[in-house]
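Colleague: Take a look at upload_3.pdb, PDB, C-alpha atoms, pLDDT in the B column:
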ATOM      1  CA  MET A 176       0.000   0.000   0.000  1.00 51.00           C
ATOM      2  CA  ASP A 177       1.490   3.347  -1.054  1.00 54.00           C
ATOM      3  CA  ASN A 178       1.556   6.374   1.238  1.00 59.00           C
ATOM      4  CA  ARG A 179      -1.430   8.011  -0.423  1.00 61.00           C
ATOM      5  CA  ASN A 180      -3.688   4.996   0.060  1.00 57.00           C
ATOM      6  CA  ARG A 181      -2.371   4.502   3.595  1.00 61.00           C
ATOM      7  CA  ASN A 182      -3.139   8.112   4.544  1.00 59.00           C
ATOM      8  CA  THR A 183      -6.625   7.776   3.027  1.00 62.00           C
ATOM      9  CA  ALA A 184      -7.244   4.631   5.048  1.00 57.00           C
ATOM     10  CA  ILE A 185      -6.068   6.310   8.282  1.00 59.00           C
ATOM     11  CA  MET A 186      -8.281   9.312   7.553  1.00 64.00           C
ATOM     12  CA  LEU A 187     -11.307   7.060   7.010  1.00 57.00           C
ATOM     13  CA  ILE A 188     -10.628   5.285  10.305  1.00 60.00           C
ATOM     14  CA  VAL A 189     -10.219   8.574  12.197  1.00 58.00           C
ATOM     15  CA  VAL A 190     -13.451   9.997  10.734  1.00 59.00           C
ATOM     16  CA  GLY A 191     -15.252   6.750  11.467  1.00 60.00           C
ATOM     17  CA  VAL A 192     -14.054   6.715  15.077  1.00 56.00           C
ATOM     18  CA  PHE A 193     -15.074  10.379  15.426  1.00 53.00           C
ATOM     19  CA  PHE A 194     -18.640   9.658  14.297  1.00 55.00           C
ATOM     20  CA  PHE A 195     -18.809   6.477  16.380  1.00 54.00           C
ATOM     21  CA  LEU A 196     -17.728   8.224  19.583  1.00 49.00           C
ATOM     22  CA  GLY A 197     -19.838  11.246  18.679  1.00 46.00           C
ATOM     23  CA  ASN A 198     -22.971   9.125  18.711  1.00 49.00           C
ATOM     24  CA  ILE A 199     -22.009   7.675  22.093  1.00 43.00           C
ATOM     25  CA  ILE A 200     -20.760  10.681  24.070  1.00 46.00           C
ATOM     26  CA  GLY A 201     -21.657  13.597  21.781  1.00 57.00           C
ATOM     27  CA  PHE A 202     -19.731  15.355  19.016  1.00 62.00           C
ATOM     28  CA  LEU A 203     -19.037  18.410  21.182  1.00 64.00           C
ATOM     29  CA  ASN A 204     -17.443  16.277  23.890  1.00 65.00           C
ATOM     30  CA  VAL A 205     -15.335  14.416  21.323  1.00 66.00           C
ATOM     31  CA  SER A 206     -14.130  17.723  19.853  1.00 70.00           C
ATOM     32  CA  ALA A 207     -13.252  18.956  23.356  1.00 72.00           C
ATOM     33  CA  LEU A 208     -11.295  15.782  24.139  1.00 70.00           C
ATOM     34  CA  ILE A 209      -9.382  16.100  20.859  1.00 72.00           C
ATOM     35  CA  LEU A 210      -8.457  19.705  21.701  1.00 74.00           C
ATOM     36  CA  ILE A 211      -7.320  18.679  25.186  1.00 72.00           C
ATOM     37  CA  TRP A 212      -5.225  15.840  23.748  1.00 70.00           C
ATOM     38  CA  LEU A 213      -3.658  18.176  21.165  1.00 73.00           C
ATOM     39  CA  GLY A 214      -2.965  20.732  23.883  1.00 73.00           C
ATOM     40  CA  ILE A 215      -1.206  18.195  26.102  1.00 66.00           C
ATOM     41  CA  TYR A 216       0.774  16.932  23.109  1.00 67.00           C
ATOM     42  CA  LYS A 217       1.910  20.447  22.131  1.00 69.00           C
ATOM     43  CA  VAL A 218       2.851  21.353  25.703  1.00 63.00           C
ATOM     44  CA  ARG A 219       4.801  18.142  26.314  1.00 59.00           C
ATOM     45  CA  ASN A 220       6.654  18.084  23.013  1.00 64.00           C
ATOM     46  CA  ASP A 221       7.044  21.732  22.017  1.00 62.00           C
ATOM     47  CA  GLY A 222       6.314  23.781  25.137  1.00 57.00           C
ATOM     48  CA  ASP A 223       4.143  25.803  22.744  1.00 57.00           C
ATOM     49  CA  SER A 224       1.838  28.393  24.317  1.00 59.00           C
ATOM     50  CA  LYS A 225      -0.781  27.400  21.727  1.00 66.00           C
ATOM     51  CA  GLY A 226      -1.001  24.109  23.582  1.00 69.00           C
ATOM     52  CA  TYR A 227      -2.338  25.909  26.656  1.00 68.00           C
ATOM     53  CA  ILE A 228      -4.881  27.729  24.501  1.00 72.00           C
ATOM     54  CA  ALA A 229      -6.097  24.392  23.111  1.00 74.00           C
ATOM     55  CA  LEU A 230      -6.261  22.965  26.648  1.00 70.00           C
ATOM     56  CA  ILE A 231      -8.301  25.905  27.929  1.00 73.00           C
ATOM     57  CA  ILE A 232     -10.684  25.909  24.938  1.00 74.00           C
ATOM     58  CA  GLY A 233     -11.130  22.138  25.179  1.00 75.00           C
ATOM     59  CA  GLY A 234     -11.759  22.369  28.909  1.00 71.00           C
ATOM     60  CA  VAL A 235     -14.302  25.173  28.482  1.00 71.00           C
ATOM     61  CA  ILE A 236     -16.147  23.208  25.758  1.00 69.00           C
ATOM     62  CA  LEU A 237     -16.086  20.009  27.800  1.00 66.00           C
ATOM     63  CA  LEU A 238     -17.356  21.720  30.938  1.00 65.00           C
ATOM     64  CA  GLY A 239     -19.588  24.207  29.139  1.00 64.00           C
ATOM     65  CA  GLY A 240     -22.588  21.944  29.381  1.00 61.00           C
ATOM     66  CA  HIS A 241     -21.820  21.071  32.984  1.00 63.00           C
ATOM     67  CA  LEU A 242     -22.082  24.310  34.929  1.00 65.00           C
ATOM     68  CA  SER A 243     -22.252  22.433  38.208  1.00 68.00           C
ATOM     69  CA  VAL A 244     -18.836  20.854  37.483  1.00 67.00           C
ATOM     70  CA  ILE A 245     -17.277  24.281  36.871  1.00 71.00           C
ATOM     71  CA  ILE A 246     -18.778  25.661  40.063  1.00 75.00           C
ATOM     72  CA  ALA A 247     -17.573  22.595  41.984  1.00 77.00           C
ATOM     73  CA  LEU A 248     -14.016  23.045  40.651  1.00 78.00           C
ATOM     74  CA  ILE A 249     -13.982  26.712  41.670  1.00 81.00           C
ATOM     75  CA  LEU A 250     -15.372  25.967  45.137  1.00 86.00           C
ATOM     76  CA  ILE A 251     -12.882  23.148  45.727  1.00 86.00           C
ATOM     77  CA  SER A 252      -9.998  25.398  44.643  1.00 86.00           C
ATOM     78  CA  LEU A 253     -11.169  28.248  46.895  1.00 88.00           C
ATOM     79  CA  GLY A 254     -11.750  25.943  49.876  1.00 89.00           C
ATOM     80  CA  TYR A 255      -8.293  24.410  49.458  1.00 86.00           C
ATOM     81  CA  PHE A 256      -6.803  27.898  49.276  1.00 88.00           C
ATOM     82  CA  LEU A 257      -8.448  29.014  52.518  1.00 88.00           C
ATOM     83  CA  ILE A 258      -7.244  25.901  54.362  1.00 88.00           C
ATOM     84  CA  GLN A 259      -3.699  26.182  53.001  1.00 86.00           C
ATOM     85  CA  SER A 260      -3.527  29.907  53.701  1.00 88.00           C
ATOM     86  CA  LYS A 261      -4.228  29.370  57.394  1.00 86.00           C
ATOM     87  CA  LYS A 262      -1.712  26.553  57.500  1.00 87.00           C
ATOM     88  CA  VAL A 263       1.082  28.408  55.674  1.00 87.00           C
ATOM     89  CA  GLN A 264       0.615  31.922  57.077  1.00 87.00           C
ATOM     90  CA  ARG A 265       1.095  30.969  60.705  1.00 77.00           C
ATOM     91  CA  ASP A 266       1.669  34.337  62.372  1.00 75.00           C
ATOM     92  CA  GLY A 267      -1.616  35.806  61.111  1.00 70.00           C
ATOM     93  CA  SER A 268      -0.165  39.116  59.870  1.00 81.00           C
ATOM     94  CA  TYR A 269      -0.625  38.836  56.111  1.00 88.00           C
ATOM     95  CA  LEU A 270      -2.757  40.174  53.273  1.00 90.00           C
ATOM     96  CA  GLN A 271      -5.439  37.875  51.862  1.00 91.00           C
ATOM     97  CA  ASN A 272      -7.389  38.428  48.679  1.00 91.00           C
ATOM     98  CA  GLN A 273      -9.901  36.396  46.639  1.00 91.00           C
ATOM     99  CA  THR A 274     -11.182  37.614  43.276  1.00 90.00           C
ATOM    100  CA  PHE A 275     -12.535  36.268  39.991  1.00 85.00           C
ATOM    101  CA  ILE A 276      -9.953  37.887  37.679  1.00 84.00           C
ATOM    102  CA  GLU A 277      -6.656  39.331  38.906  1.00 87.00           C
ATOM    103  CA  SER A 278      -3.935  41.184  37.030  1.00 85.00           C
ATOM    104  CA  ILE A 279      -0.796  42.205  38.945  1.00 89.00           C
ATOM    105  CA  LYS A 280       2.140  43.916  37.242  1.00 89.00           C
ATOM    106  CA  TRP A 281       4.758  44.621  39.888  1.00 91.00           C
ATOM    107  CA  ASP A 282       7.621  44.740  37.419  1.00 88.00           C
ATOM    108  CA  ARG A 283       7.802  48.410  36.497  1.00 89.00           C
ATOM    109  CA  GLU A 284       8.519  50.368  39.679  1.00 92.00           C
ATOM    110  CA  PRO A 285       9.526  49.689  43.321  1.00 93.00           C
ATOM    111  CA  TRP A 286       6.928  47.907  45.435  1.00 92.00           C
ATOM    112  CA  VAL A 287       6.678  46.664  49.029  1.00 92.00           C
ATOM    113  CA  LEU A 288       6.894  42.912  49.541  1.00 90.00           C
ATOM    114  CA  LYS A 289       4.742  41.622  52.398  1.00 90.00           C
ATOM    115  CA  SER A 290       3.389  38.191  53.284  1.00 91.00           C
ATOM    116  CA  MET A 291       0.224  37.590  51.268  1.00 93.00           C
ATOM    117  CA  SER A 292      -2.200  34.934  50.058  1.00 94.00           C
ATOM    118  CA  ARG A 293      -3.983  35.584  46.729  1.00 94.00           C
ATOM    119  CA  TRP A 294      -6.555  33.453  44.910  1.00 94.00           C
ATOM    120  CA  SER A 295      -8.312  34.001  41.593  1.00 91.00           C
ATOM    121  CA  VAL A 296     -10.239  32.029  38.998  1.00 86.00           C
ATOM    122  CA  ILE A 297      -8.056  33.633  36.306  1.00 82.00           C
ATOM    123  CA  GLY A 298      -4.791  35.279  37.293  1.00 85.00           C
ATOM    124  CA  GLU A 299      -2.053  37.133  35.418  1.00 86.00           C
ATOM    125  CA  ILE A 300       0.791  37.977  37.784  1.00 90.00           C
ATOM    126  CA  ARG A 301       4.140  39.666  37.115  1.00 91.00           C
ATOM    127  CA  MET A 302       6.584  40.239  39.992  1.00 93.00           C
ATOM    128  CA  ASP A 303      10.140  41.557  39.763  1.00 93.00           C
ATOM    129  CA  LEU A 304      11.840  40.898  43.093  1.00 90.00           C
ATOM    130  CA  SER A 305      14.773  43.121  42.158  1.00 89.00           C
ATOM    131  CA  LEU A 306      12.318  46.034  42.594  1.00 91.00           C
ATOM    132  CA  ALA A 307      10.819  44.713  45.830  1.00 89.00           C
ATOM    133  CA  LEU A 308      11.331  46.435  49.168  1.00 88.00           C
ATOM    134  CA  GLN A 309      11.065  43.610  51.689  1.00 83.00           C
ATOM    135  CA  ASP A 310       9.094  44.651  54.759  1.00 80.00           C
ATOM    136  CA  GLU A 311       9.848  41.495  56.777  1.00 83.00           C
ATOM    137  CA  LEU A 312      12.822  39.267  57.506  1.00 84.00           C
ATOM    138  CA  GLU A 313      10.838  36.312  56.141  1.00 86.00           C
ATOM    139  CA  SER A 314       7.914  36.775  53.744  1.00 89.00           C
ATOM    140  CA  ILE A 315       5.501  34.130  52.504  1.00 91.00           C
ATOM    141  CA  VAL A 316       3.682  34.677  49.213  1.00 94.00           C
ATOM    142  CA  MET A 317       0.994  32.174  48.228  1.00 94.00           C
ATOM    143  CA  LEU A 318      -0.583  32.393  44.751  1.00 95.00           C
ATOM    144  CA  GLN A 319      -3.371  29.957  43.914  1.00 93.00           C
ATOM    145  CA  GLY A 320      -6.322  29.630  41.573  1.00 91.00           C
ATOM    146  CA  VAL A 321      -7.821  27.825  38.609  1.00 86.00           C
ATOM    147  CA  ILE A 322      -6.046  29.340  35.554  1.00 83.00           C
ATOM    148  CA  GLY A 323      -2.817  31.309  35.878  1.00 85.00           C
ATOM    149  CA  ASP A 324      -0.036  32.973  33.907  1.00 86.00           C
ATOM    150  CA  ILE A 325       2.730  33.650  36.434  1.00 90.00           C
ATOM    151  CA  ASP A 326       6.096  35.340  35.814  1.00 90.00           C
ATOM    152  CA  ILE A 327       8.490  35.960  38.714  1.00 92.00           C
ATOM    153  CA  ILE A 328      11.930  37.590  38.290  1.00 91.00           C
ATOM    154  CA  VAL A 329      14.418  36.660  41.022  1.00 88.00           C
ATOM    155  CA  PRO A 330      17.881  38.259  41.463  1.00 85.00           C
ATOM    156  CA  GLU A 331      20.649  35.680  41.704  1.00 81.00           C
ATOM    157  CA  ASP A 332      21.610  36.709  45.256  1.00 79.00           C
ATOM    158  CA  TYR A 333      18.032  36.588  46.559  1.00 83.00           C
ATOM    159  CA  GLY A 334      17.138  34.081  49.298  1.00 87.00           C
ATOM    160  CA  ILE A 335      14.057  32.282  47.973  1.00 89.00           C
ATOM    161  CA  LEU A 336      12.277  28.929  48.287  1.00 92.00           C
ATOM    162  CA  VAL A 337       9.803  28.027  45.528  1.00 93.00           C
ATOM    163  CA  GLU A 338       7.071  25.375  45.733  1.00 93.00           C
ATOM    164  CA  ALA A 339       5.113  25.158  42.460  1.00 93.00           C
ATOM    165  CA  ASN A 340       2.249  22.809  41.567  1.00 90.00           C
ATOM    166  CA  VAL A 341       0.082  22.630  38.434  1.00 89.00           C
ATOM    167  CA  LEU A 342      -2.462  20.046  37.405  1.00 83.00           C
ATOM    168  CA  ILE A 343      -1.898  20.791  33.716  1.00 79.00           C
ATOM    169  CA  GLY A 344       0.732  23.171  32.382  1.00 81.00           C
ATOM    170  CA  ARG A 345       4.353  24.220  32.524  1.00 84.00           C
ATOM    171  CA  ILE A 346       6.738  25.054  35.345  1.00 90.00           C
ATOM    172  CA  GLY A 347      10.011  26.778  34.516  1.00 89.00           C
ATOM    173  CA  ILE A 348      12.581  27.642  37.184  1.00 87.00           C
ATOM    174  CA  GLY A 349      15.857  28.969  35.845  1.00 81.00           C
ATOM    175  CA  GLU A 350      16.992  26.716  33.013  1.00 79.00           C
ATOM    176  CA  GLU A 351      14.839  23.774  34.124  1.00 80.00           C
ATOM    177  CA  LYS A 352      11.403  23.478  32.521  1.00 81.00           C
ATOM    178  CA  ASP A 353       8.775  20.754  32.852  1.00 80.00           C
ATOM    179  CA  SER A 354       5.492  20.496  30.953  1.00 76.00           C
ATOM    180  CA  GLY A 355       2.558  18.126  31.193  1.00 73.00           C
ATOM    181  CA  MET A 356       0.216  16.947  33.907  1.00 76.00           C
ATOM    182  CA  LEU A 357       0.599  16.798  37.702  1.00 81.00           C
ATOM    183  CA  ASN A 358       3.762  18.905  37.733  1.00 85.00           C
ATOM    184  CA  LYS A 359       5.432  19.691  41.039  1.00 88.00           C
ATOM    185  CA  ARG A 360       8.717  21.505  41.598  1.00 90.00           C
ATOM    186  CA  ILE A 361      10.583  22.562  44.737  1.00 91.00           C
ATOM    187  CA  TRP A 362      13.564  24.888  44.289  1.00 90.00           C
ATOM    188  CA  ARG A 363      15.761  26.641  46.852  1.00 90.00           C
ATOM    189  CA  SER A 364      18.394  29.293  46.165  1.00 87.00           C
ATOM    190  CA  ALA A 365      21.922  28.419  47.307  1.00 85.00           C
ATOM    191  CA  ASN A 366      22.000  31.309  49.779  1.00 86.00           C
ATOM    192  CA  TYR A 367      18.526  30.756  51.216  1.00 87.00           C
ATOM    193  CA  GLU A 368      19.563  29.734  54.736  1.00 86.00           C
ATOM    194  CA  ALA A 369      22.282  32.396  55.013  1.00 85.00           C
ATOM    195  CA  SER A 370      20.191  35.230  53.588  1.00 84.00           C
ATOM    196  CA  GLU A 371      19.038  37.936  56.014  1.00 80.00           C
ATOM    197  CA  HIS A 372      15.751  38.360  54.130  1.00 80.00           C
ATOM    198  CA  LYS A 373      13.936  35.238  52.953  1.00 86.00           C
ATOM    199  CA  LEU A 374      10.951  34.658  50.674  1.00 89.00           C
ATOM    200  CA  LYS A 375       8.874  31.491  50.467  1.00 92.00           C
ATOM    201  CA  LEU A 376       6.856  31.427  47.245  1.00 94.00           C
ATOM    202  CA  ILE A 377       4.014  28.891  46.988  1.00 94.00           C
ATOM    203  CA  VAL A 378       2.217  28.676  43.627  1.00 94.00           C
ATOM    204  CA  ALA A 379      -0.611  26.247  42.789  1.00 93.00           C
ATOM    205  CA  TYR A 380      -3.079  26.291  39.848  1.00 91.00           C
ATOM    206  CA  ALA A 381      -5.214  23.803  37.958  1.00 84.00           C
ATOM    207  CA  VAL A 382      -3.997  25.081  34.552  1.00 81.00           C
ATOM    208  CA  ALA A 383      -0.996  27.412  34.444  1.00 84.00           C
ATOM    209  CA  ASP A 384       2.210  28.600  32.865  1.00 86.00           C
ATOM    210  CA  ILE A 385       4.625  29.367  35.722  1.00 89.00           C
ATOM    211  CA  GLU A 386       7.976  30.989  34.953  1.00 89.00           C
ATOM    212  CA  VAL A 387      10.541  31.839  37.644  1.00 90.00           C
ATOM    213  CA  LYS A 388      13.494  33.625  36.023  1.00 89.00           C
ATOM    214  CA  ILE A 389      16.808  33.724  37.892  1.00 84.00           C
ATOM    215  CA  LEU A 390      18.906  36.773  36.925  1.00 81.00           C
TER
END
Reformat the file's structure so that it appears as structure tokens.
Modeller:
Amino acid sequence: MDNRNRNTAIMLIVVGVFFFLGNIIGFLNVSALILIWLGIYKVRNDGDSKGYIALIIGGVILLGGHLSVIIALILISLGYFLIQSKKVQRDGSYLQNQTFIESIKWDREPWVLKSMSRWSVIGEIRMDLSLALQDELESIVMLQGVIGDIDIIVPEDYGILVEANVLIGRIGIGEEKDSGMLNKRIWRSANYEASEHKLKLIVAYAVADIEVKIL
């Protein structure tokens, strides 16, 4: 069988499987699953940001007809955040914020770094620690939510401990980058214990692109 006939045969099988599954679980659900699969494939193999777009679109389509599932996911995420915040922020003196959509761009001018816990359904967060004025000897920053695009710039001499978790997405710390599902990374700067000022950064999202750049 030449390549042309082989490709035709594969196409017929794929279309046939699509219609077969469509009649069983619905064409919209099949399309969503295909988008999710393509997204995971692109993220794992190419680290392509388009993979995350496909994942998000597929997830929205898949859950679009199941509003109760979306609400459940949001409530579980928020409940987990509240429990973890109390557990992590032990001294009680910290800022806590919950919102649907959050956009933080602390990468343009000096800002004051304090212990905080922030949760959002959709979050876009930019932090440049070289511009941060640390208000405490040891700060704890917890960022959690459902969908996130997180970029943190860390000076090389900064004392920092990073704990990052994503259900689906990419985690990049320095030169090390991991993509896929159930990603977890723990990273500690070489001078963390000896540093006068310390920062513990805890990041957790269902779907996210997390980038910690070491300068």
Colleague: Counting only C-alpha atoms, figure out which residue out of A:Leu374, A:Ser260, A:Glu331, A:Gly267 gets nearest to Leu308 (chain A).
Modeller: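 The shortest atom-to-atom distance to Leu308 (chain A) comes from A:Leu374.
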Colleague: So how many Å separate CA of Ile232 (chain A) and CA of Leu210 (chain A), to one decimal?
Modeller: 7.3 Å
Colleague: For the structure shown, which residues end up in the PyMOL selection byres ((chain A and resi 375-385) around 8)? Put them as JSON, numbers by chain, please?
Modeller: {"A": [231, 313, 314, 315, 316, 317, 318, 319, 320, 321, 322, 323, 324, 325, 326, 335, 336, 337, 338, 339, 340, 341, 342, 343, 344, 345, 346, 347, 373, 374, 386, 387]}
Colleague: At a cut-off of 12 Å around the point (-10.5, 27.4, 48.8) (file coordinates), what residues fall inside when counting only C-alpha atoms? I'd like the answer as JSON, numbers by chain.
Modeller: {"A": [247, 248, 249, 250, 251, 252, 253, 254, 255, 256, 257, 258, 259, 260, 261, 272, 273, 274, 292, 293, 294, 295, 296, 318, 319, 320, 321, 379, 380]}
Colleague: Could you check which of A:Ile361, A:Leu213, A:Leu304, A:Ala369 is closest to Ile389 (chain A), using all atoms listed in the file?
Modeller: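 Ranking A:Ile361, A:Leu213, A:Leu304, A:Ala369 by distance to Ile389 (chain A), first place goes to A:Leu304.
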